[in-house]
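What follows is a short report on a single structure.
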Amino acid sequence: DSGVTQTPKHLITATGQRVTLRCSPRSGDLSVYWYQQSLDQGLQFLIQYYNGEERAKGNILERFSAQQFPDLHSELNLSSLELGDSALYFCASSADRGLLADTQYFGPGTRLTVL
Amino acid sequence: AQTVTQSQPEMSVQEAETVTLSCTYDTSESDYYLFWYKQPPSRQMILVIRQEAYKQQNATENRFSVNFQKAAKSFSLKISDSQLGDAAMYFCAYIPNTGNQFYFGTGTSLTVIP
């Protein structure tokens, strides 16, 4: 158990809908990262938040957005869903003291299926 | 550009034998971290081992060890006494010391043969 929690574990929805994925980082970790893993593919970095503020953006679509709340949990919002958005979405957290990188610990993932 | 390459899409090993998974990376940074993550069928991403670039000594975690060749930008993972539970997809990852984004390789699928 990495200490990172994600809810829900599974999500099935229809095209055009909007969903919210939730992540709680390990106790004390300030950074939250979101990744997308499509079937049989590697992990694509979406976005990073550090202590409530966006720090880095990767290949995140405009239909997707995220935020990190004062209690450091984070939510990833996916809207106008398309079939191609079906994937495993991971959240990871790390201590990241200041600007220095640190080990990322991954949650169990949320499996999104868009029908 | 910072890239991570895993040239072996699939590998297999007999139970109790040793296997080495390859990883190369490209960077102009001098200080960075390298990782191996394991993704079993459950799809959970599990940290296997971590190496700091400034350390010359290769990292070791029980049956897992790395061969870190900084000049060659090579970071291979050796699994000794392979067990059935080692069967998984293995991802090599890189992050610069002052970076934000992990760069992952495309993964190597390891099969352990009883």
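Within each chain, counting starts at residue 1; across the structure tokens, chains are named A, B, ... in the order shown, with ligands numbered 1 upward in that order.
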Could you list, as a PyMOL selection string, every residue of chain A that has an atom within 10 Å of an atom of chain B, counting only C-alpha atoms? chain A and resi 1-2+31+33+35+37+40-50+55-58+88+90+92+96+98-109+111
When you look at B:Tyr25 with a cut-off of 6 Å (counting only C-alpha atoms), what residues show up, excluding the ones that are within fewer than 5 positions of it in the same chain? I need them as a ChimeraX atom specification. /B:3-5,73
So how many Å separate atom CA of B:Lys78 and atom CA of B:Arg63, to one decimal?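 Answer for the atom CA of B:Lys78 to atom CA of B:Arg63 separation: 8.0 Å.
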Residue nearest A:Gly16 among A:Val4, A:Leu81, A:Leu115, A:Ala87 (counting only C-alpha atoms):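 Closest to A:Gly16, using only C-alpha atoms: A:Leu81.
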Suppose you want the space between atom CA of A:Ile60 and atom CA of A:Leu76; what is it in Å?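 Separation between atom CA of A:Ile60 and atom CA of A:Leu76: 10.7 Å.
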Record the distance separating atom CA of B:Leu77 and atom CA of B:Glu61, expressed in Å with one decimal.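 Separation between atom CA of B:Leu77 and atom CA of B:Glu61: 10.8 Å.
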Nearest to B:Gln6 by atom-to-atom distance, counting only C-alpha atoms, from B:Ala53, B:Ile79, B:Val66, B:Cys92: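 Result for the nearest residue to B:Gln6: B:Cys92.
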Identify all residues of chain A in strand (DSSP E or B) (DSSP on the backbone) and supply them as a ChimeraX atom specification. /A:5-7,10-13,19-24,31-37,43-50,53-57,64-68,74-78,87-94,105-106,110-114
For A:Val114, list every protein, DNA or RNA residue within 9 Å, evaluated using only C-alpha atoms, and leave out those in the same chain fewer than 6 positions away; present the list as a PyMOL selection string. chain A and resi 11-15+17+81-87
Tell me, as a JSON list (two decimals) with all heavy atoms, in the first residue's frame, which residues lie within 8 Å of A:Ala66, counting only C-alpha atoms; anything in the same chain fewer than 2 positions away does not count.
[["chain", "number", "residue", "atom", "x", "y", "z"],
["A", 47, "ILE", "N", -0.62, 16.52, -15.48],
["A", 47, "ILE", "CA", -0.48, 17.77, -14.78],
["A", 47, "ILE", "C", 0.06, 17.52, -13.37],
["A", 47, "ILE", "O", -0.10, 16.42, -12.83],
["A", 47, "ILE", "CB", -1.84, 18.51, -14.72],
["A", 47, "ILE", "CG1", -1.68, 19.98, -14.38],
["A", 47, "ILE", "CG2", -2.82, 17.80, -13.79],
["A", 47, "ILE", "CD1", -2.93, 20.82, -14.68],
["A", 64, "PHE", "N", -9.92, 18.68, -20.06],
["A", 64, "PHE", "CA", -9.55, 18.16, -18.74],
["A", 64, "PHE", "C", -9.05, 19.31, -17.88],
["A", 64, "PHE", "O", -8.35, 20.21, -18.37],
["A", 64, "PHE", "CB", -8.45, 17.12, -18.85],
["A", 64, "PHE", "CG", -8.81, 15.86, -19.60],
["A", 64, "PHE", "CD1", -10.06, 15.67, -20.16],
["A", 64, "PHE", "CD2", -7.86, 14.85, -19.76],
["A", 64, "PHE", "CE1", -10.39, 14.50, -20.84],
["A", 64, "PHE", "CE2", -8.17, 13.67, -20.43],
["A", 64, "PHE", "CZ", -9.43, 13.51, -20.97],
["A", 68, "GLN", "N", -6.00, 21.34, -6.78],
["A", 68, "GLN", "CA", -5.57, 20.77, -5.50],
["A", 68, "GLN", "C", -6.10, 21.68, -4.40],
["A", 68, "GLN", "O", -5.93, 22.90, -4.43],
["A", 68, "GLN", "CB", -4.04, 20.68, -5.42],
["A", 68, "GLN", "CG", -3.55, 19.96, -4.16],
["A", 68, "GLN", "CD", -2.03, 19.86, -4.09],
["A", 68, "GLN", "OE1", -1.31, 20.70, -4.63],
["A", 68, "GLN", "NE2", -1.53, 18.84, -3.40],
["A", 74, "SER", "N", -6.62, 16.17, -4.39],
["A", 74, "SER", "CA", -6.72, 16.73, -5.74],
["A", 74, "SER", "C", -7.86, 16.06, -6.49],
["A", 74, "SER", "O", -8.24, 14.92, -6.20],
["A", 74, "SER", "CB", -5.41, 16.49, -6.50],
["A", 74, "SER", "OG", -5.48, 16.96, -7.83],
["A", 75, "GLU", "N", -8.42, 16.78, -7.42],
["A", 75, "GLU", "CA", -9.46, 16.26, -8.29],
["A", 75, "GLU", "C", -9.10, 16.52, -9.75],
["A", 75, "GLU", "O", -8.58, 17.60, -10.08],
["A", 75, "GLU", "CB", -10.81, 16.90, -7.96],
["A", 75, "GLU", "CG", -11.33, 16.50, -6.60],
["A", 75, "GLU", "CD", -12.69, 17.11, -6.27],
["A", 75, "GLU", "OE1", -13.18, 17.94, -7.06],
["A", 75, "GLU", "OE2", -13.24, 16.77, -5.21],
["A", 76, "LEU", "N", -9.37, 15.53, -10.56],
["A", 76, "LEU", "CA", -9.17, 15.65, -12.02],
["A", 76, "LEU", "C", -10.55, 15.60, -12.65],
["A", 76, "LEU", "O", -11.29, 14.63, -12.46],
["A", 76, "LEU", "CB", -8.30, 14.50, -12.54],
["A", 76, "LEU", "CG", -8.03, 14.47, -14.04],
["A", 76, "LEU", "CD1", -7.17, 15.67, -14.46],
["A", 76, "LEU", "CD2", -7.36, 13.16, -14.45],
["A", 77, "ASN", "N", -10.90, 16.66, -13.36],
["A", 77, "ASN", "CA", -12.20, 16.76, -14.01],
["A", 77, "ASN", "C", -12.06, 16.51, -15.50],
["A", 77, "ASN", "O", -11.25, 17.15, -16.17],
["A", 77, "ASN", "CB", -12.80, 18.14, -13.78],
["A", 77, "ASN", "CG", -12.97, 18.44, -12.30],
["A", 77, "ASN", "OD1", -13.75, 17.78, -11.63],
["A", 77, "ASN", "ND2", -12.24, 19.42, -11.80]]
